[in-house]
file input.tsv (TSV, C-alpha atoms and all ligand atoms)
chain	number	residue	atom	x	y	z
A	205	MET	CA	-35.33	-13.36	-28.67
A	206	LYS	CA	-33.81	-12.48	-32.04
A	207	ALA	CA	-31.21	-9.75	-32.56
A	208	LEU	CA	-28.71	-8.67	-35.23
A	209	ALA	CA	-25.10	-8.78	-34.05
A	210	VAL	CA	-21.68	-8.05	-35.51
A	211	PHE	CA	-18.70	-10.21	-34.49
A	212	PRO	CA	-15.56	-8.11	-35.07
A	213	GLY	CA	-13.20	-11.11	-34.46
A	214	PRO	CA	-14.34	-13.41	-37.29
A	215	ARG	CA	-15.85	-10.39	-39.11
A	216	GLU	CA	-19.39	-11.76	-39.23
A	217	VAL	CA	-22.83	-10.13	-39.20
A	218	ARG	CA	-25.75	-12.42	-38.36
A	219	VAL	CA	-29.09	-12.87	-36.59
A	220	ILE	CA	-28.54	-14.37	-33.14
A	221	GLN	CA	-30.83	-15.89	-30.51
A	222	ARG	CA	-30.44	-14.87	-26.89
A	223	GLU	CA	-32.40	-14.49	-23.67
A	224	PRO	CA	-34.26	-11.18	-23.31
A	225	PRO	CA	-32.33	-8.83	-20.96
A	226	PRO	CA	-33.56	-8.79	-17.31
A	227	LEU	CA	-34.61	-5.72	-15.32
A	228	VAL	CA	-31.67	-4.97	-12.99
A	229	ALA	CA	-31.81	-1.37	-11.66
A	230	PRO	CA	-35.02	-0.31	-9.85
A	231	ASP	CA	-35.64	2.33	-12.53
A	232	ASP	CA	-35.12	-0.09	-15.43
A	233	VAL	CA	-37.76	-0.38	-18.14
A	234	LEU	CA	-38.28	-3.38	-20.44
A	235	LEU	CA	-39.06	-2.36	-24.01
A	236	ARG	CA	-40.59	-4.32	-26.86
A	237	MET	CA	-38.97	-2.83	-29.95
A	238	LEU	CA	-41.31	-1.74	-32.78
A	239	ASP	CA	-39.17	-0.09	-35.48
A	240	VAL	CA	-35.40	0.30	-35.79
A	241	GLY	CA	-33.93	2.49	-38.54
A	242	ILE	CA	-30.83	1.63	-40.56
A	243	CYS	CA	-28.25	4.32	-41.31
A	244	GLY	CA	-24.70	4.87	-42.53
A	245	THR	CA	-23.29	4.28	-39.05
A	246	ASP	CA	-24.76	0.74	-39.07
A	247	LYS	CA	-23.16	0.15	-42.44
A	248	GLU	CA	-19.77	1.26	-41.09
A	249	ILE	CA	-20.14	-0.97	-38.03
A	250	CYS	CA	-21.08	-3.94	-40.22
A	251	SER	CA	-18.01	-3.21	-42.37
A	252	PHE	CA	-15.90	-3.28	-39.17
A	253	GLU	CA	-14.74	0.33	-39.58
A	254	TYR	CA	-16.38	1.32	-36.34
A	255	GLY	CA	-18.23	-0.14	-33.34
A	256	THR	CA	-17.03	-1.87	-30.13
A	257	PRO	CA	-18.73	-4.77	-28.28
A	258	PRO	CA	-19.45	-4.43	-24.53
A	259	ALA	CA	-16.45	-5.29	-22.31
A	260	GLY	CA	-15.81	-9.05	-22.22
A	261	GLU	CA	-18.11	-9.87	-25.16
A	262	ASP	CA	-17.28	-10.95	-28.69
A	263	ARG	CA	-20.35	-9.37	-30.31
A	264	LEU	CA	-22.25	-6.09	-30.55
A	265	ILE	CA	-26.00	-5.93	-31.20
A	266	ILE	CA	-26.36	-2.95	-33.54
A	267	GLY	CA	-29.20	-0.41	-34.00
A	268	HIS	CA	-29.57	3.05	-32.44
A	269	GLU	CA	-32.60	4.65	-34.15
A	270	ALA	CA	-35.69	3.19	-32.53
A	271	VAL	CA	-39.22	3.46	-31.25
A	272	ALA	CA	-40.51	0.95	-28.71
A	273	ARG	CA	-43.38	0.09	-26.37
A	274	VAL	CA	-42.98	-0.24	-22.60
A	275	VAL	CA	-43.86	-3.78	-21.43
A	276	GLU	CA	-42.56	-3.83	-17.85
A	277	THR	CA	-41.27	-1.26	-15.35
A	278	GLY	CA	-39.06	-1.52	-12.26
A	279	PRO	CA	-40.41	-0.38	-8.86
A	280	ALA	CA	-38.68	3.05	-9.02
A	281	VAL	CA	-39.97	4.00	-12.49
A	282	GLU	CA	-42.01	7.18	-12.08
A	283	HIS	CA	-43.32	8.48	-15.37
A	284	LEU	CA	-43.65	5.49	-17.70
A	285	SER	CA	-46.11	2.64	-17.60
A	286	GLU	CA	-46.97	-0.43	-19.62
A	287	GLY	CA	-48.14	0.39	-23.14
A	288	ASP	CA	-46.38	3.78	-23.39
A	289	LEU	CA	-44.46	4.59	-26.56
A	290	VAL	CA	-40.87	5.79	-26.16
A	291	VAL	CA	-37.77	6.66	-28.15
A	292	PRO	CA	-34.59	5.57	-26.34
A	293	THR	CA	-31.64	7.97	-26.56
A	294	VAL	CA	-28.23	6.64	-27.61
A	295	ARG	CA	-25.30	8.04	-25.63
A	296	ARG	CA	-24.67	7.21	-21.96
A	297	PRO	CA	-22.50	9.35	-19.63
A	298	CYS	CA	-18.85	8.67	-18.84
A	299	PRO	CA	-18.03	7.87	-15.19
A	300	GLY	CA	-15.57	10.80	-14.81
A	301	PRO	CA	-16.54	12.86	-11.75
A	302	ARG	CA	-14.97	15.94	-13.34
A	303	CYS	CA	-16.77	15.68	-16.71
A	304	LEU	CA	-19.04	18.71	-16.35
A	305	ALA	CA	-21.02	17.75	-19.45
A	306	CYS	CA	-21.89	14.20	-18.39
A	307	ARG	CA	-22.54	15.21	-14.79
A	308	ALA	CA	-25.07	17.74	-16.12
A	309	GLY	CA	-26.81	15.05	-18.22
A	310	HIS	CA	-25.31	16.39	-21.46
A	311	GLN	CA	-23.18	13.42	-22.49
A	312	ASP	CA	-23.37	14.62	-26.11
A	313	TYR	CA	-20.79	17.21	-24.97
A	314	CYS	CA	-18.65	14.64	-23.03
A	315	TYR	CA	-15.07	15.85	-22.43
A	316	THR	CA	-13.39	12.51	-21.69
A	317	GLY	CA	-14.51	10.37	-24.63
A	318	ASN	CA	-15.30	7.56	-22.16
A	319	PHE	CA	-19.03	7.68	-22.87
A	320	THR	CA	-20.78	4.61	-24.25
A	321	GLU	CA	-23.34	4.48	-27.06
A	322	ARG	CA	-26.06	1.89	-27.51
A	323	GLY	CA	-25.55	-0.08	-30.69
A	324	ILE	CA	-22.25	1.67	-31.42
A	325	LYS	CA	-19.75	1.81	-28.56
A	326	GLU	CA	-19.56	-0.77	-25.76
A	327	GLU	CA	-23.33	-1.21	-25.27
A	328	HIS	CA	-25.76	-3.41	-27.16
A	329	GLY	CA	-28.19	-1.63	-29.46
A	330	TYR	CA	-31.82	-1.76	-30.38
A	331	MET	CA	-32.01	-4.21	-33.30
A	332	ALA	CA	-33.43	-6.83	-30.94
A	333	GLU	CA	-36.92	-7.86	-29.90
A	334	TYR	CA	-36.44	-6.68	-26.30
A	335	VAL	CA	-34.24	-4.02	-24.72
A	336	VAL	CA	-33.78	-2.85	-21.12
A	337	ASP	CA	-32.59	0.60	-20.05
A	338	ARG	CA	-33.09	3.22	-17.34
A	339	GLU	CA	-36.18	5.42	-17.47
A	340	ARG	CA	-34.05	8.58	-17.62
A	341	TYR	CA	-32.75	7.57	-21.08
A	342	MET	CA	-36.20	7.34	-22.66
A	343	VAL	CA	-38.24	10.09	-24.27
A	344	PRO	CA	-42.05	9.62	-24.22
A	345	VAL	CA	-43.72	9.68	-27.65
A	346	PRO	CA	-47.30	10.85	-28.37
A	347	ALA	CA	-49.40	7.91	-29.63
A	348	ALA	CA	-50.14	9.75	-32.90
A	349	LEU	CA	-46.43	9.58	-33.86
A	350	ASP	CA	-46.28	5.77	-33.63
A	351	GLU	CA	-45.65	5.33	-37.38
A	352	VAL	CA	-42.93	7.97	-37.80
A	353	ALA	CA	-41.20	8.18	-34.41
A	354	VAL	CA	-38.35	5.98	-35.67
A	355	LEU	CA	-37.18	9.16	-37.46
A	356	THR	CA	-36.67	10.98	-34.15
A	357	GLU	CA	-33.01	10.02	-33.64
A	358	PRO	CA	-31.80	11.08	-37.13
A	359	LEU	CA	-33.81	14.32	-36.73
A	360	THR	CA	-32.06	15.14	-33.43
A	361	ILE	CA	-28.93	15.97	-35.44
A	362	ALA	CA	-30.70	18.91	-37.09
A	363	GLU	CA	-32.52	19.86	-33.90
A	364	LYS	CA	-29.33	20.10	-31.84
A	365	ALA	CA	-27.66	22.13	-34.59
A	366	LEU	CA	-30.65	24.45	-34.92
A	367	MET	CA	-30.82	25.06	-31.17
A	368	GLN	CA	-27.24	26.32	-31.38
A	369	VAL	CA	-27.82	28.28	-34.58
A	370	PHE	CA	-30.79	30.06	-33.01
A	371	TRP	CA	-28.75	30.81	-29.90
A	372	LEU	CA	-26.00	32.26	-32.08
A	373	MET	CA	-28.48	34.19	-34.20
A	374	GLN	CA	-30.09	35.77	-31.19
A	375	HIS	CA	-26.72	37.10	-30.16
A	376	ARG	CA	-25.21	37.75	-33.58
A	377	PRO	CA	-25.98	39.60	-35.69
A	378	PRO	CA	-27.06	42.03	-32.96
A	379	TRP	CA	-30.12	43.44	-34.70
A	380	LEU	CA	-32.09	40.16	-34.48
A	381	SER	CA	-34.16	40.32	-31.35
A	382	PRO	CA	-34.29	37.52	-28.79
A	383	GLY	CA	-37.71	36.04	-28.29
A	384	THR	CA	-38.46	35.68	-32.00
A	385	PRO	CA	-41.02	32.85	-32.41
A	386	ALA	CA	-39.51	29.55	-33.60
A	387	ALA	CA	-41.31	29.63	-36.93
A	388	GLU	CA	-39.87	33.06	-37.76
A	389	ARG	CA	-36.27	32.68	-36.73
A	390	GLY	CA	-35.16	31.84	-40.24
A	391	ARG	CA	-37.42	34.42	-41.92
A	392	GLY	CA	-35.49	36.36	-44.58
A	393	LEU	CA	-32.51	34.01	-44.33
A	394	SER	CA	-31.32	31.33	-46.72
A	395	ALA	CA	-30.09	27.85	-45.90
A	396	LEU	CA	-28.23	25.36	-48.06
A	397	VAL	CA	-28.43	21.67	-47.18
A	398	LEU	CA	-25.67	19.47	-48.59
A	399	GLY	CA	-26.89	15.93	-49.20
A	400	ALA	CA	-30.34	14.42	-49.72
A	401	GLY	CA	-30.09	11.40	-47.43
A	402	PRO	CA	-32.35	11.08	-44.37
A	403	VAL	CA	-30.23	13.48	-42.25
A	404	GLY	CA	-30.20	16.09	-45.02
A	405	LEU	CA	-33.92	15.77	-45.79
A	406	LEU	CA	-34.95	15.90	-42.13
A	407	GLY	CA	-32.65	18.91	-41.72
A	408	ALA	CA	-34.28	20.60	-44.72
A	409	MET	CA	-37.74	20.01	-43.23
A	410	ALA	CA	-36.66	21.53	-39.91
A	411	LEU	CA	-35.15	24.54	-41.73
A	412	VAL	CA	-38.28	25.16	-43.84
A	413	MET	CA	-40.35	24.82	-40.66
A	414	ALA	CA	-38.18	27.53	-39.07
A	415	GLY	CA	-38.82	29.87	-42.00
A	416	PHE	CA	-35.54	29.58	-43.90
A	417	ARG	CA	-35.57	29.82	-47.71
A	418	THR	CA	-34.06	26.35	-48.14
A	419	TYR	CA	-32.08	24.72	-50.95
A	420	VAL	CA	-30.95	21.08	-51.05
A	421	TYR	CA	-27.83	20.36	-53.11
A	422	SER	CA	-26.85	16.79	-53.92
A	423	ARG	CA	-25.49	14.65	-56.73
A	424	GLU	CA	-28.55	12.84	-58.02
A	425	LEU	CA	-30.59	14.20	-60.89
A	426	PRO	CA	-34.32	14.75	-60.42
A	427	PRO	CA	-36.85	13.21	-60.41
A	428	SER	CA	-36.49	10.73	-57.53
A	429	PRO	CA	-38.41	10.15	-54.30
A	430	ARG	CA	-35.85	12.36	-52.54
A	431	THR	CA	-35.96	15.27	-54.98
A	432	ASP	CA	-39.78	15.08	-55.06
A	433	LEU	CA	-39.83	15.35	-51.28
A	434	VAL	CA	-37.63	18.47	-51.40
A	435	THR	CA	-40.07	20.12	-53.80
A	436	ASP	CA	-43.12	19.03	-51.81
A	437	ILE	CA	-41.88	20.70	-48.60
A	438	GLY	CA	-41.35	23.98	-50.45
A	439	ALA	CA	-37.55	23.80	-50.74
A	440	THR	CA	-35.53	23.98	-53.97
A	441	TYR	CA	-33.58	20.97	-55.21
A	442	VAL	CA	-30.36	21.56	-57.17
A	443	SER	CA	-28.16	18.79	-58.61
A	444	SER	CA	-24.39	19.16	-58.45
A	445	GLN	CA	-24.30	17.47	-61.87
A	446	GLU	CA	-26.09	20.48	-63.36
A	447	THR	CA	-25.06	23.46	-61.24
A	448	THR	CA	-21.69	24.43	-59.71
A	449	PHE	CA	-21.32	25.95	-56.25
A	450	PRO	CA	-20.56	29.46	-57.61
A	451	ASP	CA	-23.67	29.34	-59.83
A	452	LEU	CA	-25.76	28.09	-56.94
A	453	ALA	CA	-24.47	30.96	-54.78
A	454	LYS	CA	-25.44	33.48	-57.47
A	455	ASP	CA	-28.93	32.03	-57.46
A	456	MET	CA	-29.34	31.96	-53.68
A	457	GLY	CA	-27.92	35.36	-52.77
A	458	ASN	CA	-26.19	35.61	-49.39
A	459	ILE	CA	-25.99	32.07	-47.97
A	460	ASP	CA	-26.70	32.47	-44.25
A	461	LEU	CA	-26.48	28.84	-43.25
A	462	ILE	CA	-24.93	25.69	-44.71
A	463	TYR	CA	-25.98	22.35	-43.22
A	464	GLU	CA	-23.55	19.66	-44.28
A	465	ALA	CA	-25.00	16.13	-44.15
A	466	VAL	CA	-22.73	14.15	-46.48
A	467	GLY	CA	-19.42	13.63	-44.70
A	468	GLN	CA	-17.40	14.37	-47.86
A	469	SER	CA	-14.47	16.58	-46.91
A	470	HIS	CA	-13.79	17.76	-50.47
A	471	PHE	CA	-17.43	18.74	-51.04
A	472	ALA	CA	-17.56	20.56	-47.69
A	473	LEU	CA	-14.41	22.55	-48.47
A	474	GLU	CA	-15.86	23.63	-51.80
A	475	ALA	CA	-19.08	24.64	-50.08
A	476	VAL	CA	-17.43	26.72	-47.38
A	477	ARG	CA	-16.21	29.06	-50.12
A	478	VAL	CA	-19.77	30.12	-50.92
A	479	LEU	CA	-20.81	30.67	-47.29
A	480	GLY	CA	-22.07	34.22	-47.06
A	481	GLN	CA	-21.54	37.26	-44.89
A	482	ASN	CA	-22.18	36.40	-41.17
A	483	GLY	CA	-22.76	32.80	-42.28
A	484	ILE	CA	-22.81	29.69	-40.12
A	485	PHE	CA	-21.49	26.39	-41.46
A	486	ILE	CA	-22.73	23.27	-39.65
A	487	LEU	CA	-20.85	20.00	-40.07
A	488	THR	CA	-22.77	16.82	-39.20
A	489	GLY	CA	-21.21	14.15	-41.44
A	490	VAL	CA	-18.28	12.10	-40.19
A	491	PRO	CA	-15.92	11.50	-43.11
A	492	GLY	CA	-14.15	8.16	-43.36
A	493	LEU	CA	-10.67	7.96	-44.86
A	494	GLN	CA	-10.74	10.12	-47.96
A	495	ALA	CA	-8.29	11.19	-50.61
A	496	PHE	CA	-6.04	14.10	-49.63
A	497	THR	CA	-7.30	17.33	-51.15
A	498	GLN	CA	-5.47	20.57	-51.65
A	499	SER	CA	-7.10	23.71	-50.35
A	500	ASP	CA	-6.15	27.31	-49.75
A	501	PRO	CA	-6.13	27.81	-45.96
A	502	ALA	CA	-5.24	31.50	-46.31
A	503	ARG	CA	-8.39	32.14	-48.30
A	504	LEU	CA	-10.42	30.16	-45.77
A	505	MET	CA	-9.03	32.22	-42.88
A	506	ARG	CA	-9.48	35.50	-44.75
A	507	ASP	CA	-13.12	34.73	-45.50
A	508	MET	CA	-13.90	33.56	-41.99
A	509	VAL	CA	-12.46	36.73	-40.45
A	510	LEU	CA	-13.75	39.27	-42.92
A	511	LYS	CA	-17.23	37.71	-43.14
A	512	ASN	CA	-17.76	37.02	-39.39
A	513	GLN	CA	-18.28	33.32	-40.13
A	514	VAL	CA	-18.82	30.43	-37.75
A	515	VAL	CA	-18.01	26.75	-38.38
A	516	LEU	CA	-19.82	24.46	-35.99
A	517	GLY	CA	-19.46	20.70	-35.62
A	518	THR	CA	-22.22	18.80	-33.90
A	519	VAL	CA	-22.79	15.20	-32.79
A	520	ASN	CA	-26.22	14.06	-31.64
A	521	ALA	CA	-27.78	14.55	-29.13
A	522	GLY	CA	-29.15	15.42	-25.71
A	523	ALA	CA	-32.61	14.81	-24.28
A	524	ASP	CA	-33.61	18.39	-25.20
A	525	ALA	CA	-32.88	17.69	-28.88
A	526	PHE	CA	-34.94	14.46	-28.73
A	527	ALA	CA	-37.88	16.41	-27.28
A	528	ALA	CA	-37.48	19.09	-29.98
A	529	ALA	CA	-37.34	16.39	-32.67
A	530	LEU	CA	-40.63	14.88	-31.48
A	531	ARG	CA	-42.29	18.32	-31.51
A	532	ASP	CA	-41.02	18.93	-35.04
A	533	LEU	CA	-42.08	15.46	-36.26
A	534	GLU	CA	-45.59	16.34	-35.12
A	535	ASN	CA	-45.34	19.60	-37.10
A	536	PHE	CA	-44.01	17.77	-40.17
A	537	ALA	CA	-46.81	15.19	-40.03
A	538	ASP	CA	-49.37	18.04	-39.84
A	539	ARG	CA	-47.91	20.16	-42.60
A	540	TRP	CA	-46.56	17.51	-45.00
A	541	PRO	CA	-48.34	14.23	-44.14
A	542	GLN	CA	-47.39	12.49	-47.41
A	543	SER	CA	-43.73	13.49	-47.40
A	544	THR	CA	-43.32	12.61	-43.75
A	545	ALA	CA	-44.73	9.13	-44.37
A	546	ALA	CA	-42.61	8.81	-47.54
A	547	LEU	CA	-39.41	9.25	-45.50
A	548	ILE	CA	-39.86	5.64	-44.45
A	549	ALA	CA	-39.10	3.58	-47.52
A	550	GLY	CA	-40.39	0.33	-46.08
A	551	ARG	CA	-40.58	-1.96	-43.06
A	552	TYR	CA	-38.71	-5.24	-43.27
A	553	PRO	CA	-38.15	-8.28	-41.02
A	554	LEU	CA	-34.88	-8.64	-39.13
A	555	GLU	CA	-33.75	-11.43	-41.47
A	556	GLN	CA	-33.49	-8.84	-44.26
A	557	ALA	CA	-31.35	-6.41	-42.25
A	558	HIS	CA	-28.05	-7.65	-43.66
A	559	ASP	CA	-29.18	-7.16	-47.28
A	560	LEU	CA	-30.64	-3.73	-46.50
A	561	ILE	CA	-27.45	-2.59	-44.80
A	562	PHE	CA	-25.27	-3.63	-47.71
A	563	GLY	CA	-27.65	-3.21	-50.63
A	564	ARG	CA	-28.33	0.02	-52.43
A	565	THR	CA	-31.49	1.43	-50.92
A	566	THR	CA	-33.96	2.79	-53.39
A	567	GLY	CA	-36.08	4.68	-50.89
A	568	ILE	CA	-35.16	7.08	-48.13
A	569	LYS	CA	-35.05	5.34	-44.72
A	570	SER	CA	-35.23	1.55	-44.41
A	571	VAL	CA	-36.68	0.28	-41.16
A	572	ILE	CA	-36.46	-3.11	-39.46
A	573	SER	CA	-39.82	-3.80	-37.89
A	574	PHE	CA	-40.61	-6.13	-35.00
A	575	ARG	CA	-44.34	-5.33	-35.25
A	576	LYS	CA	-46.45	-8.42	-35.76
B	1	ZN	ZN	-28.03	6.59	-37.31
B	2	ZN	ZN	-18.21	12.66	-19.98
call {"tool": "encode", "arguments": {"input": "input.tsv", "output": "structure tokens", "more": "lines below"}}
Ligand SMILES: [Zn+2]
Ligand SMILES: [Zn+2]
result
Amino acid sequence: MKALAVFPGPREVRVIQREPPPLVAPDDVLLRMLDVGICGTDKEICSFEYGTPPAGEDRLIIGHEAVARVVETGPAVEHLSEGDLVVPTVRRPCPGPRCLACRAGHQDYCYTGNFTERGIKEEHGYMAEYVVDRERYMVPVPAALDEVAVLTEPLTIAEKALMQVFWLMQHRPPWLSPGTPAAERGRGLSALVLGAGPVGLLGAMALVMAGFRTYVYSRELPPSPRTDLVTDIGATYVSSQETTFPDLAKDMGNIDLIYEAVGQSHFALEAVRVLGQNGIFILTGVPGLQAFTQSDPARLMRDMVLKNQVVLGTVNAGADAFAAALRDLENFADRWPQSTAALIAGRYPLEQAHDLIFGRTTGIKSVISFRK
């Protein structure tokens, strides 16, 4: 079978040939990969800033955003059978007996850091024709989501964040009642999304779906496929080349939620200054090495205390967030069929992966497809 691997030693990225992986554990499932998304993490791995091969190997097969079809199941597999569609999750638990998070199946909250991640950290990824993993790490996908389910993994970032935001909101401020329906939790509240990449756009869709009055703030000037999508889902697009943060804040009123999906520390620090009373600031981007910036920590502390603010970092994601992402993808496809389809810029053969990873993408999410 074909796969795309990085070789950190000689610093090479290339298509390799290898035997398909065998079923080993009784609950193993063999998957035929259909679509595998490319994201910034893949780019960092292919630039050798990140990523670790499995122990004893010189290469790492990349890819962590995928949808696949079940082709074979081990004797102890209970809920999946041949032909089923699944999205495989990414992080695998650490072996530490005292890691409460991993022992509870919530390796996204792992305490030890000894977790592994498929396609990223010490386990091969999904940019290969065939993949084997345990049934418990796969989320079943309704057949109708075949074409868009590759977006599930990037959407889990927003879903995990929103699950925590809703938990916080039901407990603070105290006048919001628990048990508010999902589609009304953001009613009367405003949300600002920083960045118009796939994570930002999927986050904006989830926020609009939850009833937030949503703005997306990014560098590019409209019109573009991304800014058109923002308008189509009923959010407001604002370019940082035309409007400053203070002017944006004047326009939005109290900013209840900021969803950062850029990974630019300077930009995030500027944004935190416009976070409103009782506001929640969610950080999802992982900044690389960036220029040192001066800030005013006293002002930051003063604002956070006097405005009851929360800053929340979040890394994706548990099985619950994958299930929530699939439910929301179904909602997106119902409510905005064109925009949901437009999130996928194109499907390309594996041989083009290298160029797509390093080239400037014109669309929104590029996908490597193994469909014939
Ligand atoms: Zn990714
Ligand atoms: Zn752990």
call {"tool": "residues_near_ligand", "arguments": {"input": "input.tsv", "ligand": "ligand ZN 1 (chain B)", "cutoff": "9 Å", "atoms": "all atoms listed in the file", "output": "PyMOL selection string"}}
result
chain A and resi 241-246+267-269+357-358+403
call {"tool": "closest_residue", "arguments": {"input": "input.tsv", "among": "A:Pro292, A:Pro301, A:Gly278, A:Pro214", "to": "ligand ZN 2 (chain B)", "atoms": "all atoms listed in the file"}}
result
A:Pro301
call {"tool": "atom_distance", "arguments": {"input": "input.tsv", "atom1": "CA of Tyr315 in chain A", "atom2": "atom ZN of ligand ZN 2 (chain B)"}}
result
5.1 Å
call {"tool": "residues_near_ligand", "arguments": {"input": "input.tsv", "ligand": "ligand ZN 2 (chain B)", "cutoff": "6 Å", "atoms": "only C-alpha atoms and all ligand atoms", "output": "MDAnalysis selection string"}}
result
chainID A and resid 297:298 303 305:306 311 314:316 319
call {"tool": "residues_around", "arguments": {"input": "input.tsv", "residues": "range 346-354 of chain A", "least_positions_apart": "6", "cutoff": "9 Å", "atoms": "all atoms listed in the file", "output": "list in words"}}
result
Leu238, Asp239, Val240, Gly241, Glu269, Ala270, Val271, Ala272, Asp288, Leu289, Val290, Val291, Leu530, Leu533, Glu534, Ala537, Thr544, Ala545, Leu547, Ile548 and Val571 of chain A
call {"tool": "write_last_selection", "arguments": {"input": "input.tsv", "atoms": "C-alpha atoms", "output": "tab-separated table (two decimals), keeping the file's coordinate frame"}}
result
chain	number	residue	atom	x	y	z
A	238	LEU	CA	-41.31	-1.74	-32.78
A	239	ASP	CA	-39.17	-0.09	-35.48
A	240	VAL	CA	-35.40	0.30	-35.79
A	241	GLY	CA	-33.93	2.49	-38.54
A	269	GLU	CA	-32.60	4.65	-34.15
A	270	ALA	CA	-35.69	3.19	-32.53
A	271	VAL	CA	-39.22	3.46	-31.25
A	272	ALA	CA	-40.51	0.95	-28.71
A	288	ASP	CA	-46.38	3.78	-23.39
A	289	LEU	CA	-44.46	4.59	-26.56
A	290	VAL	CA	-40.87	5.79	-26.16
A	291	VAL	CA	-37.77	6.66	-28.15
A	530	LEU	CA	-40.63	14.88	-31.48
A	533	LEU	CA	-42.08	15.46	-36.26
A	534	GLU	CA	-45.59	16.34	-35.12
A	537	ALA	CA	-46.81	15.19	-40.03
A	544	THR	CA	-43.32	12.61	-43.75
A	545	ALA	CA	-44.73	9.13	-44.37
A	547	LEU	CA	-39.41	9.25	-45.50
A	548	ILE	CA	-39.86	5.64	-44.45
A	571	VAL	CA	-36.68	0.28	-41.16
call {"tool": "residues_around", "arguments": {"input": "input.tsv", "residues": "Ser469 in chain A", "least_positions_apart": "2", "cutoff": "12 Å", "atoms": "only C-alpha atoms", "output": "PyMOL selection string"}}
result
chain A and resi 398+464-467+471-476+487-499
call {"tool": "residues_around", "arguments": {"input": "input.tsv", "residues": "Glu321 in chain A", "least_positions_apart": "3", "cutoff": "10 Å", "atoms": "all atoms listed in the file", "output": "JSON, numbers by chain"}}
result
{"A": [255, 256, 268, 293, 294, 295, 296, 297, 318, 324, 325, 326, 327, 328, 329]}
call {"tool": "residues_around", "arguments": {"input": "input.tsv", "residues": "Val275 in chain A", "least_positions_apart": "6", "cutoff": "8 Å", "atoms": "all atoms listed in the file", "output": "list in words"}}
result
Val233, Leu234, Leu235, Arg236, Ser285, Glu286 and Gly287 of chain A
call {"tool": "atom_distance", "arguments": {"input": "input.tsv", "atom1": "CA of Glu388 in chain A", "atom2": "CA of Met409 in chain A"}}
result
14.3 Å
call {"tool": "closest_residue", "arguments": {"input": "input.tsv", "among": "A:Val412, A:Ala502, A:Ile561, A:Met237", "to": "Lys576 in chain A", "atoms": "all atoms listed in the file"}}
result
A:Met237
call {"tool": "residues_around", "arguments": {"input": "input.tsv", "residues": "Pro429 in chain A", "least_positions_apart": "5", "cutoff": "12 Å", "atoms": "only C-alpha atoms", "output": "list of chain:residue names"}}
result
A:Ala400, A:Gly401, A:Pro402, A:Leu405, A:Glu424, A:Val434, A:Thr435, A:Asp436, A:Tyr441, A:Gln542, A:Ser543, A:Thr544, A:Ala545, A:Ala546, A:Leu547, A:Ile548, A:Ala549, A:Thr565, A:Thr566, A:Gly567, A:Ile568, A:Lys569
call {"tool": "closest_residue", "arguments": {"input": "input.tsv", "among": "A:Ala395, A:Leu554, A:Ala207, A:Leu560", "to": "Val478 in chain A", "atoms": "all atoms listed in the file"}}
result
A:Ala395
call {"tool": "atom_distance", "arguments": {"input": "input.tsv", "atom1": "CA of Met331 in chain A", "atom2": "CA of Ile572 in chain A"}}
result
7.7 Å
call {"tool": "axis_aligned_box", "arguments": {"input": "input.tsv", "around": "range 541-560 of chain A", "padding_each_side": "6 Å", "output": "AutoDock Vina command-line options"}}
result
--center_x -38.2 --center_y 1.4 --center_z -43.3 --size_x 32.3 --size_y 37.7 --size_z 20.4
call {"tool": "closest_residue", "arguments": {"input": "input.tsv", "among": "A:Lys247, A:Gly309, A:Glu333, A:Gly317", "to": "Pro225 in chain A", "atoms": "all atoms listed in the file"}}
result
A:Glu333
call {"tool": "closest_residue", "arguments": {"input": "input.tsv", "among": "A:Gly260, A:Arg551, A:Ser394, A:Asp524", "to": "Leu479 in chain A", "atoms": "all atoms listed in the file"}}
result
A:Ser394
call {"tool": "closest_residue", "arguments": {"input": "input.tsv", "among": "A:Val343, A:Ile266, A:Met413, A:Leu396", "to": "Leu452 in chain A", "atoms": "all atoms listed in the file"}}
result
A:Leu396
call {"tool": "build_atoms", "arguments": {"input": "input.tsv", "residues": "range 364-369 of chain A", "atoms": "N, CA, C and O atoms", "output": "PDB file, keeping the file's coordinate frame"}}
result
ATOM      1  N   LYS A 364     -30.417  19.609 -32.689  1.00  0.00           N
ATOM      2  CA  LYS A 364     -29.330  20.100 -31.840  1.00  0.00           C
ATOM      3  C   LYS A 364     -28.600  21.253 -32.538  1.00  0.00           C
ATOM      4  O   LYS A 364     -28.295  22.274 -31.920  1.00  0.00           O
ATOM      5  N   ALA A 365     -28.342  21.070 -33.838  1.00  0.00           N
ATOM      6  CA  ALA A 365     -27.660  22.130 -34.590  1.00  0.00           C
ATOM      7  C   ALA A 365     -28.491  23.403 -34.598  1.00  0.00           C
ATOM      8  O   ALA A 365     -27.978  24.501 -34.362  1.00  0.00           O
ATOM      9  N   LEU A 366     -29.798  23.264 -34.842  1.00  0.00           N
ATOM     10  CA  LEU A 366     -30.650  24.450 -34.920  1.00  0.00           C
ATOM     11  C   LEU A 366     -30.756  25.170 -33.577  1.00  0.00           C
ATOM     12  O   LEU A 366     -30.802  26.395 -33.533  1.00  0.00           O
ATOM     13  N   MET A 367     -30.773  24.406 -32.488  1.00  0.00           N
ATOM     14  CA  MET A 367     -30.820  25.060 -31.170  1.00  0.00           C
ATOM     15  C   MET A 367     -29.604  25.968 -31.018  1.00  0.00           C
ATOM     16  O   MET A 367     -29.699  27.067 -30.488  1.00  0.00           O
ATOM     17  N   GLN A 368     -28.449  25.499 -31.505  1.00  0.00           N
ATOM     18  CA  GLN A 368     -27.240  26.320 -31.380  1.00  0.00           C
ATOM     19  C   GLN A 368     -27.234  27.472 -32.367  1.00  0.00           C
ATOM     20  O   GLN A 368     -26.806  28.580 -32.048  1.00  0.00           O
ATOM     21  N   VAL A 369     -27.741  27.204 -33.586  1.00  0.00           N
ATOM     22  CA  VAL A 369     -27.820  28.280 -34.580  1.00  0.00           C
ATOM     23  C   VAL A 369     -28.715  29.399 -34.066  1.00  0.00           C
ATOM     24  O   VAL A 369     -28.376  30.577 -34.155  1.00  0.00           O
TER      25      VAL A 369
END
